[in-house]
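final.pdb (PDB, C-alpha atoms (C1' of nucleotides) and all ligand atoms) appears below.
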```
ATOM      1  CA  MET A   1      28.011 124.911   0.893
ATOM      2  CA  ASN A   2      28.917 125.528  -2.759
ATOM      3  CA  LYS A   3      31.778 127.448  -4.347
ATOM      4  CA  GLU A   4      29.717 130.539  -5.095
ATOM      5  CA  ALA A   5      28.566 130.842  -1.505
ATOM      6  CA  ILE A   6      32.154 130.577  -0.346
ATOM      7  CA  ALA A   7      33.197 133.215  -2.861
ATOM      8  CA  GLU A   8      30.417 135.432  -1.515
ATOM      9  CA  ASN A   9      31.738 134.945   1.967
ATOM     10  CA  LEU A  10      35.254 135.873   0.880
ATOM     11  CA  ARG A  11      34.021 139.028  -0.848
ATOM     12  CA  ALA A  12      31.964 139.904   2.217
ATOM     13  CA  HIS A  13      35.236 139.971   4.103
ATOM     14  CA  THR A  14      36.946 142.084   1.408
ATOM     15  CA  LEU A  15      39.167 139.250   0.296
ATOM     16  CA  LYS A  16      39.888 138.407  -3.308
ATOM     17  CA  VAL A  17      38.522 135.100  -4.445
ATOM     18  CA  THR A  18      41.396 132.799  -5.354
ATOM     19  CA  PRO A  19      41.378 129.070  -5.984
ATOM     20  CA  GLN A  20      43.667 128.503  -3.019
ATOM     21  CA  ARG A  21      41.303 130.321  -0.689
ATOM     22  CA  LEU A  22      38.304 128.515  -2.070
ATOM     23  CA  LYS A  23      39.992 125.216  -1.403
ATOM     24  CA  ILE A  24      40.916 126.161   2.150
ATOM     25  CA  VAL A  25      37.367 127.116   3.018
ATOM     26  CA  GLU A  26      35.932 124.125   1.164
ATOM     27  CA  SER A  27      38.169 121.798   3.129
ATOM     28  CA  LEU A  28      37.133 123.395   6.374
ATOM     29  CA  ASN A  29      33.492 123.091   5.403
ATOM     30  CA  THR A  30      34.050 119.420   4.703
ATOM     31  CA  TYR A  31      36.178 118.433   7.675
ATOM     32  CA  GLY A  32      35.292 121.030  10.288
ATOM     33  CA  HIS A  33      38.597 121.629  12.029
ATOM     34  CA  LEU A  34      41.995 121.334  10.354
ATOM     35  CA  ASN A  35      45.493 122.416  11.249
ATOM     36  CA  ILE A  36      47.930 124.076   8.895
ATOM     37  CA  ASP A  37      49.554 120.865   7.733
ATOM     38  CA  MET A  38      46.262 119.230   6.900
ATOM     39  CA  LEU A  39      45.172 122.333   5.026
ATOM     40  CA  TYR A  40      48.431 122.502   3.124
ATOM     41  CA  ARG A  41      47.980 118.879   2.049
ATOM     42  CA  GLU A  42      44.395 119.556   1.071
ATOM     43  CA  VAL A  43      45.212 122.558  -1.072
ATOM     44  CA  LYS A  44      48.115 120.748  -2.692
ATOM     45  CA  GLU A  45      45.774 118.080  -4.006
ATOM     46  CA  SER A  46      44.085 120.520  -6.328
ATOM     47  CA  HIS A  47      46.982 123.010  -6.584
ATOM     48  CA  PRO A  48      50.160 120.950  -6.399
ATOM     49  CA  ASN A  49      52.536 123.886  -6.371
ATOM     50  CA  VAL A  50      50.835 125.986  -3.770
ATOM     51  CA  SER A  51      53.328 127.480  -1.352
ATOM     52  CA  LEU A  52      53.114 126.752   2.343
ATOM     53  CA  ALA A  53      53.540 130.492   2.827
ATOM     54  CA  THR A  54      50.300 131.036   0.941
ATOM     55  CA  VAL A  55      48.453 128.849   3.401
ATOM     56  CA  TYR A  56      50.014 130.667   6.334
ATOM     57  CA  LYS A  57      49.227 134.062   4.860
ATOM     58  CA  ASN A  58      45.664 133.102   4.114
ATOM     59  CA  LEU A  59      44.945 131.620   7.477
ATOM     60  CA  ALA A  60      46.315 134.757   9.086
ATOM     61  CA  ILE A  61      44.312 137.184   6.988
ATOM     62  CA  MET A  62      41.117 135.167   7.002
ATOM     63  CA  THR A  63      41.330 134.849  10.762
ATOM     64  CA  GLN A  64      41.966 138.562  11.189
ATOM     65  CA  ASN A  65      39.027 139.376   8.964
ATOM     66  CA  GLY A  66      36.776 137.139  10.981
ATOM     67  CA  LEU A  67      36.048 134.601   8.290
ATOM     68  CA  LEU A  68      37.919 131.883  10.135
ATOM     69  CA  GLU A  69      38.624 131.168  13.752
ATOM     70  CA  GLU A  70      41.624 129.586  15.402
ATOM     71  CA  VAL A  71      41.035 126.967  18.054
ATOM     72  CA  LYS A  72      43.842 126.166  20.463
ATOM     73  CA  ILE A  73      43.851 122.564  21.572
ATOM     74  CA  SER A  74      46.055 121.473  24.423
ATOM     75  CA  GLY A  75      48.987 119.406  23.198
ATOM     76  CA  HIS A  76      48.234 119.936  19.507
ATOM     77  CA  LYS A  77      48.751 122.469  16.799
ATOM     78  CA  SER A  78      46.004 125.030  16.431
ATOM     79  CA  VAL A  79      43.136 124.071  14.208
ATOM     80  CA  PHE A  80      41.071 126.439  12.117
ATOM     81  CA  GLU A  81      37.391 126.487  11.309
ATOM     82  CA  VAL A  82      34.929 128.655   9.457
ATOM     83  CA  LYS A  83      33.431 131.113  11.891
ATOM     84  CA  LYS A  84      29.926 130.213  12.896
ATOM     85  CA  ALA A  85      27.560 130.672  15.811
ATOM     86  CA  PRO A  86      29.281 130.547  19.207
ATOM     87  CA  HIS A  87      29.884 127.020  20.377
ATOM     88  CA  ILE A  88      32.257 125.009  22.488
ATOM     89  CA  HIS A  89      34.497 122.114  21.545
ATOM     90  CA  LEU A  90      34.705 118.478  22.478
ATOM     91  CA  HIS A  91      38.121 116.952  22.046
ATOM     92  CA  CYS A  92      38.600 113.191  22.116
ATOM     93  CA  SER A  93      41.891 112.397  23.800
ATOM     94  CA  ARG A  94      41.973 108.976  22.136
ATOM     95  CA  CYS A  95      41.386 109.691  18.456
ATOM     96  CA  GLY A  96      41.978 113.433  18.457
ATOM     97  CA  LYS A  97      38.622 114.242  16.902
ATOM     98  CA  ILE A  98      37.157 117.683  17.527
ATOM     99  CA  GLU A  99      33.422 118.248  17.612
ATOM    100  CA  ASP A 100      31.225 121.284  18.006
ATOM    101  CA  ILE A 101      28.478 121.479  20.534
ATOM    102  CA  GLU A 102      26.224 124.438  21.203
ATOM    103  CA  ILE A 103      25.998 124.914  24.906
ATOM    104  CA  ASP A 104      24.965 128.230  26.315
ATOM    105  CA  LEU A 105      27.656 129.804  28.482
ATOM    106  CA  SER A 106      25.799 132.963  29.376
ATOM    107  CA  TYR A 107      25.512 131.853  32.973
ATOM    108  CA  VAL A 108      29.271 131.411  33.164
ATOM    109  CA  LYS A 109      29.796 134.739  31.459
ATOM    110  CA  ALA A 110      27.396 136.553  33.800
ATOM    111  CA  GLU A 111      28.955 134.953  36.830
ATOM    112  CA  ALA A 112      32.469 135.844  35.666
ATOM    113  CA  GLU A 113      31.484 139.463  35.049
ATOM    114  CA  LYS A 114      29.723 139.787  38.362
ATOM    115  CA  ARG A 115      32.586 138.380  40.375
ATOM    116  CA  SER A 116      35.519 139.959  38.536
ATOM    117  CA  GLY A 117      34.341 143.296  37.247
ATOM    118  CA  TYR A 118      35.413 142.333  33.738
ATOM    119  CA  ILE A 119      33.238 142.992  30.749
ATOM    120  CA  VAL A 120      33.382 139.752  28.869
ATOM    121  CA  SER A 121      33.100 139.853  25.095
ATOM    122  CA  GLY A 122      33.944 136.309  24.132
ATOM    123  CA  SER A 123      34.801 132.908  25.402
ATOM    124  CA  GLU A 124      36.441 129.676  24.402
ATOM    125  CA  ALA A 125      35.835 126.342  26.013
ATOM    126  CA  VAL A 126      37.139 122.882  25.282
ATOM    127  CA  MET A 127      35.918 119.753  27.031
ATOM    128  CA  VAL A 128      38.345 116.869  26.845
ATOM    129  CA  GLY A 129      37.254 113.280  27.065
ATOM    130  CA  VAL A 130      36.605 110.086  25.165
ATOM    131  CA  CYS A 131      34.169 109.918  22.289
ATOM    132  CA  PRO A 132      31.549 107.137  22.014
ATOM    133  CA  GLU A 133      33.388 105.376  19.172
ATOM    134  CA  CYS A 134      36.681 105.236  21.057
ATOM    135  CA  ARG A 135      34.918 104.079  24.165
ATOM    136  CA  HIS A 136      33.235 101.181  22.351
ATOM    137  CA  ASN A 137      36.360 100.038  20.519
ATOM    138  CA  ARG A 138      38.003  98.955  23.748
TER     139      ARG A 138
ATOM    140  CA  MET B 139      54.451 129.581  49.703
ATOM    141  CA  ASN B 140      57.979 129.078  50.963
ATOM    142  CA  LYS B 141      60.944 127.272  49.437
ATOM    143  CA  GLU B 142      60.561 124.133  51.523
ATOM    144  CA  ALA B 143      56.927 123.703  50.528
ATOM    145  CA  ILE B 144      57.929 124.044  46.896
ATOM    146  CA  ALA B 145      60.687 121.493  47.391
ATOM    147  CA  GLU B 146      58.132 119.167  48.957
ATOM    148  CA  ASN B 147      55.918 119.605  45.938
ATOM    149  CA  LEU B 148      58.783 118.781  43.597
ATOM    150  CA  ARG B 149      59.669 115.664  45.561
ATOM    151  CA  ALA B 150      56.013 114.642  45.601
ATOM    152  CA  HIS B 151      56.235 114.620  41.814
ATOM    153  CA  THR B 152      59.479 112.607  41.836
ATOM    154  CA  LEU B 153      61.522 115.518  40.630
ATOM    155  CA  LYS B 154      64.880 116.492  42.010
ATOM    156  CA  VAL B 155      64.970 119.795  43.800
ATOM    157  CA  THR B 156      67.212 122.171  41.893
ATOM    158  CA  PRO B 157      67.627 125.910  42.273
ATOM    159  CA  GLN B 158      66.363 126.445  38.741
ATOM    160  CA  ARG B 159      63.183 124.525  39.434
ATOM    161  CA  LEU B 160      62.651 126.301  42.716
ATOM    162  CA  LYS B 161      62.907 129.626  40.950
ATOM    163  CA  ILE B 162      60.482 128.607  38.233
ATOM    164  CA  VAL B 163      57.838 127.541  40.717
ATOM    165  CA  GLU B 164      58.500 130.546  42.961
ATOM    166  CA  SER B 165      57.996 132.884  40.030
ATOM    167  CA  LEU B 166      54.767 131.167  39.106
ATOM    168  CA  ASN B 167      53.593 131.407  42.700
ATOM    169  CA  THR B 168      54.350 135.106  42.639
ATOM    170  CA  TYR B 169      52.999 136.067  39.251
ATOM    171  CA  GLY B 170      50.428 133.388  38.546
ATOM    172  CA  HIS B 171      50.762 132.831  34.824
ATOM    173  CA  LEU B 172      54.016 133.266  32.899
ATOM    174  CA  ASN B 173      55.197 132.249  29.469
ATOM    175  CA  ILE B 174      58.559 130.710  28.687
ATOM    176  CA  ASP B 175      60.318 134.005  27.986
ATOM    177  CA  MET B 176      59.161 135.557  31.216
ATOM    178  CA  LEU B 177      60.245 132.472  33.130
ATOM    179  CA  TYR B 178      63.623 132.446  31.424
ATOM    180  CA  ARG B 179      64.150 136.069  32.408
ATOM    181  CA  GLU B 180      63.042 135.330  35.956
ATOM    182  CA  VAL B 181      65.381 132.391  36.412
ATOM    183  CA  LYS B 182      68.255 134.345  34.867
ATOM    184  CA  GLU B 183      67.981 136.965  37.557
ATOM    185  CA  SER B 184      69.095 134.539  40.225
ATOM    186  CA  HIS B 185      70.967 132.129  37.927
ATOM    187  CA  PRO B 186      72.477 134.271  35.183
ATOM    188  CA  ASN B 187      73.857 131.401  33.153
ATOM    189  CA  VAL B 188      70.836 129.176  33.149
ATOM    190  CA  SER B 189      70.227 127.687  29.736
ATOM    191  CA  LEU B 190      66.990 128.310  27.898
ATOM    192  CA  ALA B 191      66.943 124.567  27.267
ATOM    193  CA  THR B 192      66.771 123.996  31.000
ATOM    194  CA  VAL B 193      63.636 126.077  31.212
ATOM    195  CA  TYR B 194      62.087 124.227  28.285
ATOM    196  CA  LYS B 195      63.016 120.854  29.728
ATOM    197  CA  ASN B 196      61.657 121.734  33.128
ATOM    198  CA  LEU B 197      58.387 123.128  31.886
ATOM    199  CA  ALA B 198      57.910 119.974  29.848
ATOM    200  CA  ILE B 199      58.658 117.560  32.631
ATOM    201  CA  MET B 200      56.838 119.489  35.314
ATOM    202  CA  THR B 201      53.791 119.719  33.112
ATOM    203  CA  GLN B 202      53.913 116.004  32.305
ATOM    204  CA  ASN B 203      54.185 115.185  35.985
ATOM    205  CA  GLY B 204      51.195 117.323  36.784
ATOM    206  CA  LEU B 205      52.974 119.896  38.875
ATOM    207  CA  LEU B 206      52.353 122.614  36.331
ATOM    208  CA  GLU B 207      49.682 123.264  33.759
ATOM    209  CA  GLU B 208      49.878 124.884  30.369
ATOM    210  CA  VAL B 209      47.226 127.424  29.447
ATOM    211  CA  LYS B 210      46.717 128.262  25.797
ATOM    212  CA  ILE B 211      45.668 131.825  25.231
ATOM    213  CA  SER B 212      44.419 132.935  21.846
ATOM    214  CA  GLY B 213      46.964 135.121  20.073
ATOM    215  CA  HIS B 214      49.670 134.638  22.698
ATOM    216  CA  LYS B 215      52.308 132.164  23.705
ATOM    217  CA  SER B 216      51.222 129.539  26.174
ATOM    218  CA  VAL B 217      51.504 130.456  29.802
ATOM    219  CA  PHE B 218      52.202 128.087  32.659
ATOM    220  CA  GLU B 219      50.882 127.968  36.171
ATOM    221  CA  VAL B 220      51.178 125.777  39.224
ATOM    222  CA  LYS B 221      48.397 123.217  39.131
ATOM    223  CA  LYS B 222      45.635 123.985  41.538
ATOM    224  CA  ALA B 223      41.907 123.380  41.920
ATOM    225  CA  PRO B 224      40.004 123.487  38.624
ATOM    226  CA  HIS B 225      39.228 127.008  37.537
ATOM    227  CA  ILE B 226      38.658 129.038  34.430
ATOM    228  CA  HIS B 227      40.570 132.022  33.107
ATOM    229  CA  LEU B 228      39.790 135.629  32.476
ATOM    230  CA  HIS B 229      41.955 137.279  29.863
ATOM    231  CA  CYS B 230      42.030 141.043  29.478
ATOM    232  CA  SER B 231      42.386 141.897  25.819
ATOM    233  CA  ARG B 232      43.702 145.358  26.697
ATOM    234  CA  CYS B 233      46.510 144.695  29.166
ATOM    235  CA  GLY B 234      46.925 140.974  28.627
ATOM    236  CA  LYS B 235      46.457 140.096  32.265
ATOM    237  CA  ILE B 236      45.235 136.608  33.106
ATOM    238  CA  GLU B 237      43.164 135.932  36.195
ATOM    239  CA  ASP B 238      41.753 132.811  37.786
ATOM    240  CA  ILE B 239      38.140 132.488  38.705
ATOM    241  CA  GLU B 240      36.453 129.446  40.186
ATOM    242  CA  ILE B 241      33.229 128.882  38.350
ATOM    243  CA  ASP B 242      31.604 125.511  38.406
ATOM    244  CA  LEU B 243      31.294 123.995  34.932
ATOM    245  CA  SER B 244      29.644 120.747  35.957
ATOM    246  CA  TYR B 245      26.431 121.787  34.263
ATOM    247  CA  VAL B 246      28.294 122.352  31.003
ATOM    248  CA  LYS B 247      30.114 119.070  31.425
ATOM    249  CA  ALA B 248      26.905 117.140  32.145
ATOM    250  CA  GLU B 249      25.147 118.741  29.217
ATOM    251  CA  ALA B 250      28.058 117.975  26.884
ATOM    252  CA  GLU B 251      28.157 114.347  27.975
ATOM    253  CA  LYS B 252      24.434 113.923  27.639
ATOM    254  CA  ARG B 253      24.242 115.379  24.182
ATOM    255  CA  SER B 254      27.447 113.944  22.688
ATOM    256  CA  GLY B 255      27.969 110.576  24.317
ATOM    257  CA  TYR B 256      31.475 111.632  25.347
ATOM    258  CA  ILE B 257      32.836 110.932  28.767
ATOM    259  CA  VAL B 258      34.399 114.209  29.743
ATOM    260  CA  SER B 259      37.412 114.165  32.007
ATOM    261  CA  GLY B 260      38.572 117.757  31.886
ATOM    262  CA  SER B 261      37.851 121.175  30.556
ATOM    263  CA  GLU B 262      39.482 124.464  29.796
ATOM    264  CA  ALA B 263      37.685 127.744  29.485
ATOM    265  CA  VAL B 264      38.887 131.261  28.843
ATOM    266  CA  MET B 265      36.658 134.311  28.967
ATOM    267  CA  VAL B 266      38.035 137.270  27.063
ATOM    268  CA  GLY B 267      37.141 140.813  27.932
ATOM    269  CA  VAL B 268      38.283 144.024  29.543
ATOM    270  CA  CYS B 269      39.376 144.174  33.148
ATOM    271  CA  PRO B 270      38.100 146.884  35.543
ATOM    272  CA  GLU B 271      41.425 148.756  35.550
ATOM    273  CA  CYS B 272      41.622 148.969  31.777
ATOM    274  CA  ARG B 273      38.004 149.995  31.579
ATOM    275  CA  HIS B 274      38.522 152.891  33.998
ATOM    276  CA  ASN B 275      41.699 154.176  32.388
ATOM    277  CA  ARG B 276      39.758 155.047  29.236
TER     278      ARG B 276
ATOM    279  C1'  DT C 277      81.706 110.693  51.602
ATOM    280  C1'  DA C 278      81.531 107.781  47.462
ATOM    281  C1'  DT C 279      78.388 106.242  44.072
ATOM    282  C1'  DT C 280      74.742 106.724  40.976
ATOM    283  C1'  DT C 281      71.868 109.071  38.090
ATOM    284  C1'  DA C 282      69.135 112.966  37.021
ATOM    285  C1'  DA C 283      69.684 117.521  35.674
ATOM    286  C1'  DG C 284      72.239 121.510  33.865
ATOM    287  C1'  DG C 285      74.817 124.232  30.180
ATOM    288  C1'  DA C 286      76.332 124.867  25.569
ATOM    289  C1'  DT C 287      75.176 124.432  21.236
ATOM    290  C1'  DA C 288      73.729 121.976  17.099
ATOM    291  C1'  DA C 289      69.788 120.433  14.736
ATOM    292  C1'  DA C 290      65.137 120.405  13.624
ATOM    293  C1'  DG C 291      60.909 122.511  13.126
ATOM    294  C1'  DT C 292      57.798 126.452  12.588
ATOM    295  C1'  DT C 293      56.484 130.999  11.113
ATOM    296  C1'  DT C 294      57.340 135.315   8.908
ATOM    297  C1'  DA C 295      59.562 138.443   5.522
ATOM    298  C1'  DT C 296      61.102 139.526   1.013
ATOM    299  C1'  DC C 297      60.699 139.997  -3.779
ATOM    300  C1'  DG C 298      59.775 139.198  -8.426
ATOM    301  C1'  DT C 299      55.782 137.256 -11.041
ATOM    302  C1'  DT C 300      51.051 136.261 -11.717
ATOM    303  C1'  DT C 301      46.227 136.919 -11.308
ATOM    304  C1'  DA C 302      41.802 138.861  -9.679
ATOM    305  C1'  DC C 303      39.260 142.799  -9.776
ATOM    306  C1'  DT C 304      37.770 147.552 -11.566
ATOM    307  C1'  DG C 305      36.128 150.864 -14.742
ATOM    308  C1'  DG C 306      36.271 152.215 -19.297
TER     309       DG C 306
ATOM    310  C1'  DC D 307      36.092 142.468 -23.274
ATOM    311  C1'  DC D 308      40.624 144.885 -22.239
ATOM    312  C1'  DA D 309      44.205 147.630 -19.724
ATOM    313  C1'  DG D 310      45.698 149.189 -15.446
ATOM    314  C1'  DT D 311      46.280 148.438 -10.549
ATOM    315  C1'  DA D 312      46.728 146.248  -6.406
ATOM    316  C1'  DA D 313      46.424 142.116  -4.129
ATOM    317  C1'  DA D 314      47.859 137.553  -3.917
ATOM    318  C1'  DC D 315      50.988 133.917  -5.305
ATOM    319  C1'  DG D 316      55.372 130.960  -5.307
ATOM    320  C1'  DA D 317      60.054 130.513  -4.074
ATOM    321  C1'  DT D 318      63.084 131.028  -0.796
ATOM    322  C1'  DA D 319      65.706 133.357   2.765
ATOM    323  C1'  DA D 320      65.550 134.824   7.363
ATOM    324  C1'  DA D 321      63.899 134.766  11.892
ATOM    325  C1'  DC D 322      62.197 132.544  15.553
ATOM    326  C1'  DT D 323      60.977 128.490  18.489
ATOM    327  C1'  DT D 324      61.635 124.006  20.262
ATOM    328  C1'  DT D 325      64.089 119.735  20.705
ATOM    329  C1'  DA D 326      68.220 116.774  20.703
ATOM    330  C1'  DT D 327      72.906 115.815  21.816
ATOM    331  C1'  DC D 328      76.730 115.425  24.673
ATOM    332  C1'  DC D 329      79.676 116.399  28.166
ATOM    333  C1'  DT D 330      79.855 118.284  32.883
ATOM    334  C1'  DT D 331      77.829 119.184  37.325
ATOM    335  C1'  DA D 332      75.226 118.435  41.241
ATOM    336  C1'  DA D 333      71.312 116.188  43.927
ATOM    337  C1'  DA D 334      69.953 112.098  46.189
ATOM    338  C1'  DT D 335      70.975 107.805  48.642
ATOM    339  C1'  DA D 336      72.987 104.923  51.830
TER     340       DA D 336
HETATM  341 MN    MN E 401      34.232 124.510  16.105
HETATM  342 MN    MN E 402      45.078 129.739  36.232
HETATM  343 ZN    ZN E 403      37.658 109.237  19.826
HETATM  344 ZN    ZN E 404      43.313 145.000  31.556
END
```
The structure given in the file should be rewritten as structure tokens.
Amino acid sequence: MNKEAIAENLRAHTLKVTPQRLKIVESLNTYGHLNIDMLYREVKESHPNVSLATVYKNLAIMTQNGLLEEVKISGHKSVFEVKKAPHIHLHCSRCGKIEDIEIDLSYVKAEAEKRSGYIVSGSEAVMVGVCPECRHNR
Amino acid sequence: MNKEAIAENLRAHTLKVTPQRLKIVESLNTYGHLNIDMLYREVKESHPNVSLATVYKNLAIMTQNGLLEEVKISGHKSVFEVKKAPHIHLHCSRCGKIEDIEIDLSYVKAEAEKRSGYIVSGSEAVMVGVCPECRHNR
DNA sequence: TATTTAAGGATAAAGTTTATCGTTTACTGG
DNA sequence: CCAGTAAACGATAAACTTTATCCTTAAATA
């Protein structure tokens, strides 16, 4: 995804297009899921005197506006990602890697609604385990 | 669940039985899911000069030892609960309530393993929505 | 009941997040 | 383009959260 497409996405969410924001979204496009410290380091590479507060403020507003999503991972700092089609997460407990996988949870949702009386509007799921690479390297 | 059963549970996890720990587990038995502030307030009621550090230390050690579990809820502080059979969570976005529901995720797990090559050892899932009470009261 | 050691309380230190405020920059409309 | 406006930025203080330290207290053991 190129800069102009990212800028489009920012404008679509009524956010001004700034170099810092472009870099945040670019980094997320490249790496998938990053926490605040990783993002701060990323942005600093191209904008050495960016303020940490800027990264905080941008993650907050971009998450509120639905451009980004926060993913809470047990035992780690939250990571952020660009919002995309619903999916669940795989978390490798060895190397810490986080992967997306599209598995349909509508059965779980339907079952939860039926048995609880809730009306469910969203869901988050994380499966924890060991990735193939970590398994092979001992 | 009575005090002696809780004490048993603590001993089973090689933890000394202290009044502060009893109160923490009692409160969790009563209310289900509580965050650190709620637990601090709870323990203070019966032990007015408990230190916040004691609550932190106990939640950490009891979670490490597998007596408690931490549940990360989007947009809120983590809540803790007494470890029990695997289950998923329902979170009401109106009143904040958190409920347990036992829904089998083995299909999701199997599918994730098959398609990713991971070996999955655990999972966490939260369904967000509106509970029946909140729905009825407008 | 004495001994040992984990746990508690008080509080300092460290770490994280948010608020403030003056300056800069992106956008708008002429 | 350019000027005006509001949003965003950087710097930094303040607030808030969590962990570490250290001395005292109390639970377990025999
Ligand atoms: Mn993802
Ligand atoms: Mn639960
Ligand atoms: Zn791995
Ligand atoms: Zn509700």
- Message: Env of Ile211 in chain B: 10 Å cut, atoms = all atoms listed in the file, seq-sep filter 3 positions within chain, self excluded. Answer as a list in words.
- Response: Val71, Lys72 and Glu124 of chain A; Glu208, His214, Lys215, Ser216, Val217, His227, His229, Gly234, Ile236, Ala263, Val264 and Val266 of chain B
- Convert the output of the PyMOL selection byres (((not hetatm)) within 10 of (chain E and resi 402)) on the shown file into explicit residues, formatted as a list in words.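 Expected selection for the PyMOL selection byres (((not hetatm)) within 10 of (chain E and resi 402)) here is Gly170, His171, Glu207, Glu208, Val209, Val217, Phe218, Glu219, Val220, Lys221, Lys222, Ala223, Pro224, His225, Ile226, His227, Leu228, Ile236, Glu237, Asp238, Ile239, Glu240 and Val264 of chain B.
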- Item | Residues selected by the PyMOL selection byres ((chain C) within 10 of (chain A)), written as a PyMOL selection string | chain C and resi 293-294+301-303
Output the neighbourhood of ligand ZN 404 (chain E) as a compact mmCIF listing (two decimals) with C-alpha atoms, in the frame of the given file, that is, all protein and nucleic acid residues with some atom at most 8 Å from the ligand, counting only C-alpha atoms (C1' of nucleotides) and all ligand atoms.
```txt
# COMPACT_ATOMS: atom_id res chain seq x y z
CA CYS B 230 42.03 141.04 29.48
CA SER B 231 42.39 141.90 25.82
CA ARG B 232 43.70 145.36 26.70
CA CYS B 233 46.51 144.70 29.17
CA GLY B 234 46.92 140.97 28.63
CA LYS B 235 46.46 140.10 32.26
CA VAL B 268 38.28 144.02 29.54
CA CYS B 269 39.38 144.17 33.15
CA PRO B 270 38.10 146.88 35.54
CA GLU B 271 41.42 148.76 35.55
CA CYS B 272 41.62 148.97 31.78
CA ARG B 273 38.00 150.00 31.58
```
- Message: Starting from the PyMOL selection byres (((chain C and resi 291) around 9) and not hetatm), expand the selection into actual residues of this file and give them as a PyMOL selection string.
- Response: (chain C and resi 290+292) or (chain D and resi 323-325)
